[in-house]
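Following: one structure in structure tokens, then a few remarks.
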Amino acid sequence: MGDWNDYDFVVQMPHMAPGEKLSEVELLKQLAAHQWESIAKALHTRPSRIANERGERLYGSVIDVEFFLGERHSLDLLGEDVHVHVKNRVRFYASKFVEGLFVIDDREISDEAVAAIKRREDLQNLGGSWACMTNAFIARGGGNLRLKVYKPAGADGAGLQQLEQAPLGISMQGRVQSSGEIEALSDDAFVPLEPVGAPGVEYRIVPESDLNGAGLVYFARYEAMMNYGERIFLGERLALPISAELVSYLSTEHRRAFFFANASPTDTVDVRVSAGVMPVQGAAGGGAVAGRYRIPLKLQFRIDLYRASDGTLMASSLVRKSLNVPGSAKSVLAEAERLLRRLG
């Protein structure tokens, strides 16, 4: 079914976000780089030399990504100086698309630990941390709004591990784009946070940080835009705003994201956010305990990104985040308790 490739990195300050935790955006960049390396290895070339038959350079456009952190991990616990180990395996479909599976741990991952993983659905049975990502090989067609899918040169003779059916990420992306519905992350019930004022959050693309080397808006920056929209929604769109300090302690547990379109460097993105909150039962005084953190509540967000120039849907995501608060942050714990009381 294909070989697993081993990667690793040590979390340092450039990988981190406020709150002394591993940045989800930077982690997704790492995973994407590892996957592109695995793809190039399967094609017997270097990532920079992947091209179509006409010699045009190809890039790995991300169709969907799903990311889950198990109970033993969180972005906070995968903090500075932690050695993160990653196993990644890629399989191809019609030589134009790639499904990549990831197993993530702060300890070395044995071959036996991944032996039973044959398909994407098996990741959910791990009990640990994992991710999956679907790519299409694309070339720019004169700009960021016209991207065309190609087969890499030499793919037919490379002995690629091929899927008989289209990757699940492709079919899910199609359903989300046509229906707008994203499969629930869990059976948990979240109480909606009702916004006031304007429904959307405006984000102007910043070429210096949002574009990759190909001049395209990079998929991990879509998540950054989503995080920006969440922060503005919580801090400015609620009748009783949530503090920036509380927002800084939110840590992603599970995300599903689907990508549909890119944007020009001069465009603006309309970020649409809805959110709900769920209390966490556990330790005395309310909330669960994970290491040095208290977890009084969790938030779930649905975010849709629209290209402001023409209203095109660029991406949709459903994400669950836990509020991981150090015991010393008494004011944030008190704010969380007030929020839960207001919601009944």
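Following the order of the structure tokens, first chain is A, next is B, and so on, with residues numbered from 1 inside each chain and ligands from 1 in the order they appear.
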TODO: Please provide the set of residues having any atom within 12 Å of segment 242-246 of chain A, restricted to only C-alpha atoms, with same-chain residues fewer than 3 positions apart removed, written as a PyMOL selection string.
DONE: chain A and resi 18-19+193+195+228+230-239+249-251+295-299+322-326+329-340
TODO: Run DSSP on the backbone of this structure and report the residues of segment 21-206 of chain A it assigns to strand (DSSP E), as number ranges by chain.
DONE: A: 21-22, 59-68, 83-93, 97-105, 129-140, 147-149, 191-192, 200-204
Go ahead and write the selection's residues with C-alpha atoms as a tab-separated table (two decimals), in the first residue's frame.
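Listing of again-v7.tsv after writing:
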```tsv
chain	number	residue	atom	x	y	z
A	21	LYS	CA	1.95	27.17	21.82
A	22	LEU	CA	2.72	25.60	18.48
A	59	TYR	CA	2.45	23.03	-7.51
A	60	GLY	CA	0.51	21.02	-4.97
A	61	SER	CA	-2.80	22.84	-4.64
A	62	VAL	CA	-4.53	21.69	-1.43
A	63	ILE	CA	-8.10	20.46	-1.94
A	64	ASP	CA	-8.80	19.60	1.69
A	65	VAL	CA	-7.02	19.14	4.99
A	66	GLU	CA	-8.17	17.51	8.22
A	67	PHE	CA	-6.16	17.85	11.41
A	68	PHE	CA	-6.79	16.19	14.79
A	83	HIS	CA	10.59	17.16	19.19
A	84	VAL	CA	7.69	16.43	16.83
A	85	HIS	CA	7.81	13.19	14.83
A	86	VAL	CA	5.77	12.73	11.64
A	87	LYS	CA	5.09	9.72	9.45
A	88	ASN	CA	3.59	10.47	6.04
A	89	ARG	CA	2.40	8.24	3.22
A	90	VAL	CA	1.11	9.38	-0.18
A	91	ARG	CA	-1.02	7.62	-2.77
A	92	PHE	CA	-2.00	8.94	-6.19
A	93	TYR	CA	-5.25	9.03	-8.13
A	97	PHE	CA	-4.21	13.97	-7.39
A	98	VAL	CA	-2.56	12.83	-4.16
A	99	GLU	CA	-3.96	11.70	-0.82
A	100	GLY	CA	-1.52	12.01	2.06
A	101	LEU	CA	-1.90	10.50	5.54
A	102	PHE	CA	0.03	11.72	8.58
A	103	VAL	CA	0.65	10.33	12.05
A	104	ILE	CA	2.02	12.89	14.53
A	105	ASP	CA	3.63	12.32	17.94
A	129	SER	CA	-2.77	12.75	16.59
A	130	TRP	CA	-3.09	12.68	12.83
A	131	ALA	CA	-3.79	14.66	9.69
A	132	CYS	CA	-4.73	14.04	6.07
A	133	MET	CA	-4.32	16.24	3.03
A	134	THR	CA	-5.44	15.99	-0.59
A	135	ASN	CA	-3.49	17.74	-3.35
A	136	ALA	CA	-3.96	18.41	-7.05
A	137	PHE	CA	-1.03	19.12	-9.37
A	138	ILE	CA	-1.73	22.58	-10.81
A	139	ALA	CA	-0.05	25.19	-12.97
A	140	ARG	CA	-0.94	28.86	-13.13
A	147	LEU	CA	-5.41	27.21	-12.28
A	148	LYS	CA	-5.31	24.01	-14.36
A	149	VAL	CA	-4.72	20.43	-13.20
A	191	VAL	CA	-24.83	26.78	22.30
A	192	PRO	CA	-24.77	29.41	19.51
A	200	GLY	CA	-18.74	39.62	7.79
A	201	VAL	CA	-15.14	40.43	8.66
A	202	GLU	CA	-13.00	42.08	5.99
A	203	TYR	CA	-9.48	40.79	5.43
A	204	ARG	CA	-7.22	42.46	2.87
```
TODO: May I have all residues of segment 158-320 of chain A that DSSP, computed from the backbone, assigns to alpha helix (DSSP H), given as a VMD selection string?
DONE: chain A and resid 168 to 179 207 to 210 219 to 236 244 to 248
Open item on the list: To one decimal place in Å, what is the distance between atom CA of Gly174 of chain A and atom CA of Ala315 of chain A?
Closed with: 11.8 Å
TODO: Give me, please, the distance in Å between atom CA of Asn52 of chain A and atom CA of Gly169 of chain A, quoted to one decimal.
DONE: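 The value is 23.2 Å.
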TODO: Compare A:Gly154, A:Pro265, A:Gly197, A:Pro279 by their minimum atom-to-atom distance to Leu343 of chain A, counting only C-alpha atoms, and give me the closest one.
DONE: A:Pro279
TODO: Mind giving me the straight-line distance from atom CA of Ser316 of chain A to atom CA of Asp76 of chain A in Å, one decimal?
DONE: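 Taking atom CA of Ser316 of chain A and atom CA of Asp76 of chain A, their separation equals 25.0 Å.
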Task: From A:Phe260, A:Ile39, A:Lys151, A:Gly70, residue lying nearest Gln124 of chain A [only C-alpha atoms] - done: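 Among the listed residues, A:Gly70 lies closest to Gln124 of chain A.
Using only C-alpha atoms, the smallest distance between any of A:Arg256, A:Pro167, A:Glu56, A:Leu211 and Gly141 of chain A comes from A:Glu56.
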Please, which residues in segment 210-277 of chain A fall within 12 Å of segment 28-31 of chain A when counting only C-alpha atoms, and what is the closest atom pair and distance in Å to one decimal for each, ordered by chain then residue number, as a tab-separated table?
```
residue	atom	partner	partner_atom	distance
A:Asn212	CA	A:Lys29	CA	10.8
A:Tyr218	CA	A:Lys29	CA	9.2
A:Phe219	CA	A:Lys29	CA	8.6
A:Ala220	CA	A:Leu28	CA	6.1
A:Arg221	CA	A:Lys29	CA	9.2
A:Tyr222	CA	A:Leu28	CA	10.9
A:Glu223	CA	A:Leu28	CA	9.2
A:Ala224	CA	A:Leu28	CA	10.7
A:Arg255	CA	A:Leu28	CA	11.3
A:Ala257	CA	A:Leu28	CA	11.7
```
Open item on the list: Please list as a ChimeraX atom specification every residue within 10 Å of Val176 of chain A, counting only C-alpha atoms and excluding residues in the same chain fewer than 3 positions away.
Closed with: /A:171-173,179-183,257-260,315-317
Include N, CA and C atoms and write out the residues we just selected as a compact mmCIF listing (two decimals), in the first residue's frame.
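And here's again_1.txt as it stands now:
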```
# COMPACT_ATOMS: atom_id res chain seq x y z
N SER A 171 -14.32 13.98 -3.00
CA SER A 171 -15.78 13.86 -2.94
C SER A 171 -16.36 14.74 -1.84
N MET A 172 -15.69 14.83 -0.70
CA MET A 172 -16.18 15.69 0.38
C MET A 172 -16.13 17.16 -0.04
N GLN A 173 -15.06 17.56 -0.71
CA GLN A 173 -14.96 18.94 -1.15
C GLN A 173 -16.10 19.29 -2.10
N SER A 179 -23.42 21.88 -1.43
CA SER A 179 -24.48 21.94 -0.41
C SER A 179 -24.20 22.91 0.72
N GLY A 180 -22.92 23.23 0.93
CA GLY A 180 -22.55 24.08 2.06
C GLY A 180 -22.47 23.34 3.38
N GLU A 181 -22.76 22.05 3.39
CA GLU A 181 -22.79 21.29 4.64
C GLU A 181 -21.47 20.56 4.87
N ILE A 182 -20.93 20.71 6.09
CA ILE A 182 -19.72 20.00 6.50
C ILE A 182 -20.11 18.99 7.58
N GLU A 183 -19.66 17.76 7.42
CA GLU A 183 -19.97 16.72 8.39
C GLU A 183 -19.51 17.14 9.79
N ALA A 257 -11.12 21.43 6.67
CA ALA A 257 -11.11 22.61 5.81
C ALA A 257 -11.09 22.18 4.35
N PHE A 258 -11.83 22.91 3.53
CA PHE A 258 -11.96 22.61 2.10
C PHE A 258 -11.68 23.88 1.32
N PHE A 259 -10.95 23.72 0.20
CA PHE A 259 -10.46 24.87 -0.55
C PHE A 259 -11.00 24.80 -1.98
N PHE A 260 -11.50 25.95 -2.47
CA PHE A 260 -12.18 25.97 -3.76
C PHE A 260 -11.58 26.93 -4.77
N ALA A 315 -13.07 29.07 0.48
CA ALA A 315 -12.79 27.98 1.41
C ALA A 315 -13.87 27.93 2.47
N SER A 316 -14.06 26.73 3.04
CA SER A 316 -14.99 26.53 4.15
C SER A 316 -14.32 25.61 5.17
N SER A 317 -14.59 25.87 6.46
CA SER A 317 -13.96 25.08 7.50
C SER A 317 -14.88 24.95 8.70
```
TODO: Using only C-alpha atoms, find the one residue out of A:Ala115, A:Val11, A:Ala42, A:Met278 that sits nearest to Ala158 of chain A.
DONE: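 Under the stated criterion, the closest residue is A:Ala42.
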